[in-house]
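Chemist: Here it is, the structure, as structure tokens.
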Amino acid sequence: MSTSMSASVAETTPAPAPRTLRWRVVDIVVAAVLGVAIGLVFWGWNIIGGAWFGAADALTPGFGGIAVGIWLIGGVIGGLVIRKPGAALVVEVIAAIISMLIGNVWGVSTVLSGLVQGLGAELIFALFLYRRFGVVVAALSGIGAAVAAWIFEMFYGSSPNILKSIEFNAIYLGALVISGALLAGVVGWLLVRALASTGALSRFAAGREARQEV
């Protein structure tokens with residue numbers, strides 16, 4: 001190819017849009033929509049997951065944490081879709097607020113838990129400078145939310161877990177980490193991929209990546 005032709009191609013090829021971490025209006029709207037939708041999922045999981053938690057905890061005290069992952073998924077999905085600072089935190093907190101407003105047995109502590117869990121997920125995306133969004137980062141984000149939940153429950157409430165045995169807390173932490181990695185991280189990543197494949201995320205990097213893979 002001649003130099004002149006190369007220059008002509010370079011001039012007519014649009015430059016890729018510069019990456020920015022600033023929130024757009026569409027980011028705010030989608031964060032709100034995701035938060036509400038996931039809040040409804042939380043509400044349903046309060047029944048299903050609550051029963052699973054009780055059964056697993058009755059089998060082995062502390063093992064109930066294996067059911068917690070779905071309650072951590074908001075931060076993972078928010079971070080994977082919006083890919084901006086604060087997205088994981090915002091979506092998880094909105095989802096927690098919706099779950100509380102619909103009604104559950106935990107009341108305002110639901111929002112406090114959502115705040116802490118969202119921060120845990122957010123920290124992982126921040127560690128990767130909001131540049132990595134694969135399944136490994138998603139799983140790590142779920143683990144971050146799980147560890148944050150473990151720390152919060154260690155000290156919060158009328159019967160904090162710090163009053164329980166070391167064995168209980170070790171089993172609970174292990175169960176939370178597994179659940180966070182799989183139910184929040186991997187499942188959250190798969191859900192975002194499925195949503196992106198429908199074209200619903202065409203305004204986001206996750207949607208553009210899905211189109212390139214087709």
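Just so we're on the same page: first chain in the structure tokens is A, next is B, and so on; residues restart at 1 for each chain, and ligands are numbered from 1 in the order they show up.
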Need to verify the contact set: region 46-48 of chain A, 9 Å, only C-alpha atoms, exclusion of same-chain residues closer than 3 positions in sequence. Can you return it as an NGL selection string?
Modeler: :A and (41-43 or 51-53 or 71 or 99 or 104-105)
Chemist: Mind dumping a table of every region 102-138 of chain A residue within 9 Å of region 75-87 of chain A, with the nearest atom pair and its distance in Å to one decimal, using only C-alpha atoms, sorted by chain and rising number, as a Markdown table?
Modeler:
| residue | atom | partner | partner_atom | distance |
| --- | --- | --- | --- | --- |
| A:Gly114 | CA | A:Gly75 | CA | 8.7 |
| A:Gln117 | CA | A:Gly75 | CA | 7.5 |
| A:Gly118 | CA | A:Gly75 | CA | 5.1 |
| A:Leu119 | CA | A:Gly75 | CA | 8.2 |
| A:Gly120 | CA | A:Gly75 | CA | 8.4 |
| A:Ala121 | CA | A:Gly75 | CA | 5.6 |
| A:Glu122 | CA | A:Gly86 | CA | 6.7 |
| A:Phe125 | CA | A:Gly79 | CA | 7.0 |
| A:Ala126 | CA | A:Pro85 | CA | 7.2 |
| A:Leu129 | CA | A:Pro85 | CA | 9.0 |
| A:Tyr130 | CA | A:Arg83 | CA | 6.1 |
| A:Arg131 | CA | A:Arg83 | CA | 8.0 |
| A:Phe133 | CA | A:Leu80 | CA | 6.0 |
| A:Gly134 | CA | A:Leu80 | CA | 8.4 |
| A:Ala138 | CA | A:Val76 | CA | 6.2 |
Chemist: Would you tabulate, counting only C-alpha atoms, all residues of region 39-105 of chain A that have an atom at most 12 Å from an atom of region 152-172 of chain A, showing the closest pair of atoms and their distance in Å to one decimal, sorted by chain then ascending number, as a Markdown table?
Modeler:
| residue | atom | partner | partner_atom | distance |
| --- | --- | --- | --- | --- |
| A:Phe53 | CA | A:Tyr172 | CA | 11.0 |
| A:Ala56 | CA | A:Tyr172 | CA | 10.7 |
| A:Asp57 | CA | A:Tyr172 | CA | 9.2 |
| A:Thr60 | CA | A:Ile171 | CA | 8.5 |
| A:Pro61 | CA | A:Phe168 | CA | 6.0 |
| A:Gly62 | CA | A:Tyr172 | CA | 4.1 |
| A:Phe63 | CA | A:Tyr172 | CA | 5.5 |
| A:Gly64 | CA | A:Tyr172 | CA | 7.1 |
| A:Gly65 | CA | A:Tyr172 | CA | 5.5 |
| A:Ile66 | CA | A:Tyr172 | CA | 8.1 |
| A:Ala67 | CA | A:Tyr172 | CA | 10.7 |
| A:Val68 | CA | A:Tyr172 | CA | 10.3 |
Chemist: Would you pick out the contacts of region 110-112 of chain A at 7 Å or less, using only C-alpha atoms, so that residues sharing its chain but fewer than 4 positions from it are not included, and give the list as a ChimeraX atom specification?
Modeler: /A:93,96-97,100,106,116
Chemist: DSSP on the backbone, alpha helix (DSSP H) only: what residues of region 57-201 of chain A does that give? Format it as a PyMOL selection string.
Modeler: chain A and resi 57-59+73-82+87-102+109-127+135-155+166-179+187-197
Chemist: Restricting it to C-alpha atoms, dump the selection as an mmCIF file, in the first residue's frame.
Modeler:
data_model
loop_
_atom_site.group_PDB
_atom_site.id
_atom_site.type_symbol
_atom_site.label_atom_id
_atom_site.label_comp_id
_atom_site.auth_asym_id
_atom_site.auth_seq_id
_atom_site.Cartn_x
_atom_site.Cartn_y
_atom_site.Cartn_z
ATOM 1 C CA ASP A 57 -26.722 -23.656 58.738
ATOM 2 C CA ALA A 58 -28.681 -26.378 60.522
ATOM 3 C CA LEU A 59 -26.528 -28.993 58.788
ATOM 4 C CA ILE A 73 -24.684 -9.866 42.859
ATOM 5 C CA GLY A 74 -25.774 -6.234 42.495
ATOM 6 C CA GLY A 75 -22.283 -4.842 42.927
ATOM 7 C CA VAL A 76 -20.796 -7.320 40.488
ATOM 8 C CA ILE A 77 -23.363 -6.636 37.759
ATOM 9 C CA GLY A 78 -23.224 -2.881 38.276
ATOM 10 C CA GLY A 79 -19.449 -2.859 37.942
ATOM 11 C CA LEU A 80 -19.423 -5.134 34.892
ATOM 12 C CA VAL A 81 -22.047 -3.142 32.994
ATOM 13 C CA ILE A 82 -21.271 0.501 33.808
ATOM 14 C CA ALA A 87 -21.123 1.748 39.873
ATOM 15 C CA ALA A 88 -20.825 -1.419 41.955
ATOM 16 C CA LEU A 89 -21.645 0.492 45.130
ATOM 17 C CA VAL A 90 -24.585 2.415 43.641
ATOM 18 C CA VAL A 91 -26.326 -0.607 42.118
ATOM 19 C CA GLU A 92 -25.909 -2.753 45.240
ATOM 20 C CA VAL A 93 -27.244 0.018 47.498
ATOM 21 C CA ILE A 94 -30.236 0.762 45.249
ATOM 22 C CA ALA A 95 -31.055 -2.950 45.173
ATOM 23 C CA ALA A 96 -30.821 -3.118 48.962
ATOM 24 C CA ILE A 97 -33.123 -0.108 49.329
ATOM 25 C CA ILE A 98 -35.706 -1.676 47.016
ATOM 26 C CA SER A 99 -35.539 -4.949 48.966
ATOM 27 C CA MET A 100 -36.077 -3.047 52.212
ATOM 28 C CA LEU A 101 -38.958 -0.954 50.860
ATOM 29 C CA ILE A 102 -40.804 -3.998 49.507
ATOM 30 C CA SER A 109 -29.842 -3.158 58.191
ATOM 31 C CA THR A 110 -30.454 -4.329 54.607
ATOM 32 C CA VAL A 111 -29.232 -0.960 53.337
ATOM 33 C CA LEU A 112 -26.228 -0.977 55.657
ATOM 34 C CA SER A 113 -25.329 -4.448 54.405
ATOM 35 C CA GLY A 114 -25.753 -3.290 50.808
ATOM 36 C CA LEU A 115 -23.451 -0.337 51.448
ATOM 37 C CA VAL A 116 -20.706 -2.539 52.894
ATOM 38 C CA GLN A 117 -21.085 -5.275 50.268
ATOM 39 C CA GLY A 118 -21.106 -2.725 47.460
ATOM 40 C CA LEU A 119 -17.875 -1.234 48.795
ATOM 41 C CA GLY A 120 -16.304 -4.689 48.880
ATOM 42 C CA ALA A 121 -17.187 -5.309 45.234
ATOM 43 C CA GLU A 122 -16.161 -1.777 44.256
ATOM 44 C CA LEU A 123 -12.711 -2.207 45.777
ATOM 45 C CA ILE A 124 -11.861 -5.046 43.382
ATOM 46 C CA PHE A 125 -12.828 -3.078 40.268
ATOM 47 C CA ALA A 126 -10.792 -0.152 41.614
ATOM 48 C CA LEU A 127 -7.743 -2.384 42.168
ATOM 49 C CA VAL A 135 -14.869 -13.678 34.720
ATOM 50 C CA VAL A 136 -11.868 -13.753 37.070
ATOM 51 C CA VAL A 137 -12.346 -10.111 38.062
ATOM 52 C CA ALA A 138 -16.082 -10.741 38.443
ATOM 53 C CA ALA A 139 -15.390 -13.673 40.776
ATOM 54 C CA LEU A 140 -12.899 -11.598 42.766
ATOM 55 C CA SER A 141 -15.481 -8.819 43.027
ATOM 56 C CA GLY A 142 -17.982 -11.315 44.423
ATOM 57 C CA ILE A 143 -15.346 -12.457 46.919
ATOM 58 C CA GLY A 144 -14.663 -8.838 47.865
ATOM 59 C CA ALA A 145 -18.350 -8.328 48.608
ATOM 60 C CA ALA A 146 -18.422 -11.597 50.579
ATOM 61 C CA VAL A 147 -15.451 -10.674 52.763
ATOM 62 C CA ALA A 148 -16.971 -7.248 53.396
ATOM 63 C CA ALA A 149 -20.229 -8.935 54.444
ATOM 64 C CA TRP A 150 -18.298 -11.234 56.784
ATOM 65 C CA ILE A 151 -16.531 -8.299 58.452
ATOM 66 C CA PHE A 152 -19.797 -6.362 58.787
ATOM 67 C CA GLU A 153 -21.641 -9.268 60.388
ATOM 68 C CA MET A 154 -18.703 -9.918 62.684
ATOM 69 C CA PHE A 155 -19.443 -6.697 64.548
ATOM 70 C CA ILE A 166 -13.728 -19.398 65.718
ATOM 71 C CA GLU A 167 -14.875 -22.564 63.955
ATOM 72 C CA PHE A 168 -18.229 -21.010 63.059
ATOM 73 C CA ASN A 169 -16.621 -17.855 61.687
ATOM 74 C CA ALA A 170 -14.050 -19.812 59.671
ATOM 75 C CA ILE A 171 -16.727 -22.009 58.091
ATOM 76 C CA TYR A 172 -18.938 -18.987 57.470
ATOM 77 C CA LEU A 173 -16.106 -17.079 55.784
ATOM 78 C CA GLY A 174 -15.246 -20.037 53.565
ATOM 79 C CA ALA A 175 -18.879 -20.528 52.573
ATOM 80 C CA LEU A 176 -19.293 -16.822 51.858
ATOM 81 C CA VAL A 177 -16.185 -16.727 49.676
ATOM 82 C CA ILE A 178 -17.338 -19.721 47.618
ATOM 83 C CA SER A 179 -20.834 -18.300 47.268
ATOM 84 C CA VAL A 187 -23.405 -15.995 37.666
ATOM 85 C CA GLY A 188 -23.267 -12.190 37.515
ATOM 86 C CA TRP A 189 -20.748 -12.330 34.662
ATOM 87 C CA LEU A 190 -22.905 -14.839 32.759
ATOM 88 C CA LEU A 191 -26.001 -12.692 33.231
ATOM 89 C CA VAL A 192 -24.224 -9.607 31.877
ATOM 90 C CA ARG A 193 -23.009 -11.602 28.880
ATOM 91 C CA ALA A 194 -26.526 -12.860 28.226
ATOM 92 C CA LEU A 195 -27.955 -9.340 28.525
ATOM 93 C CA ALA A 196 -25.271 -7.923 26.227
ATOM 94 C CA SER A 197 -26.031 -10.553 23.566
#
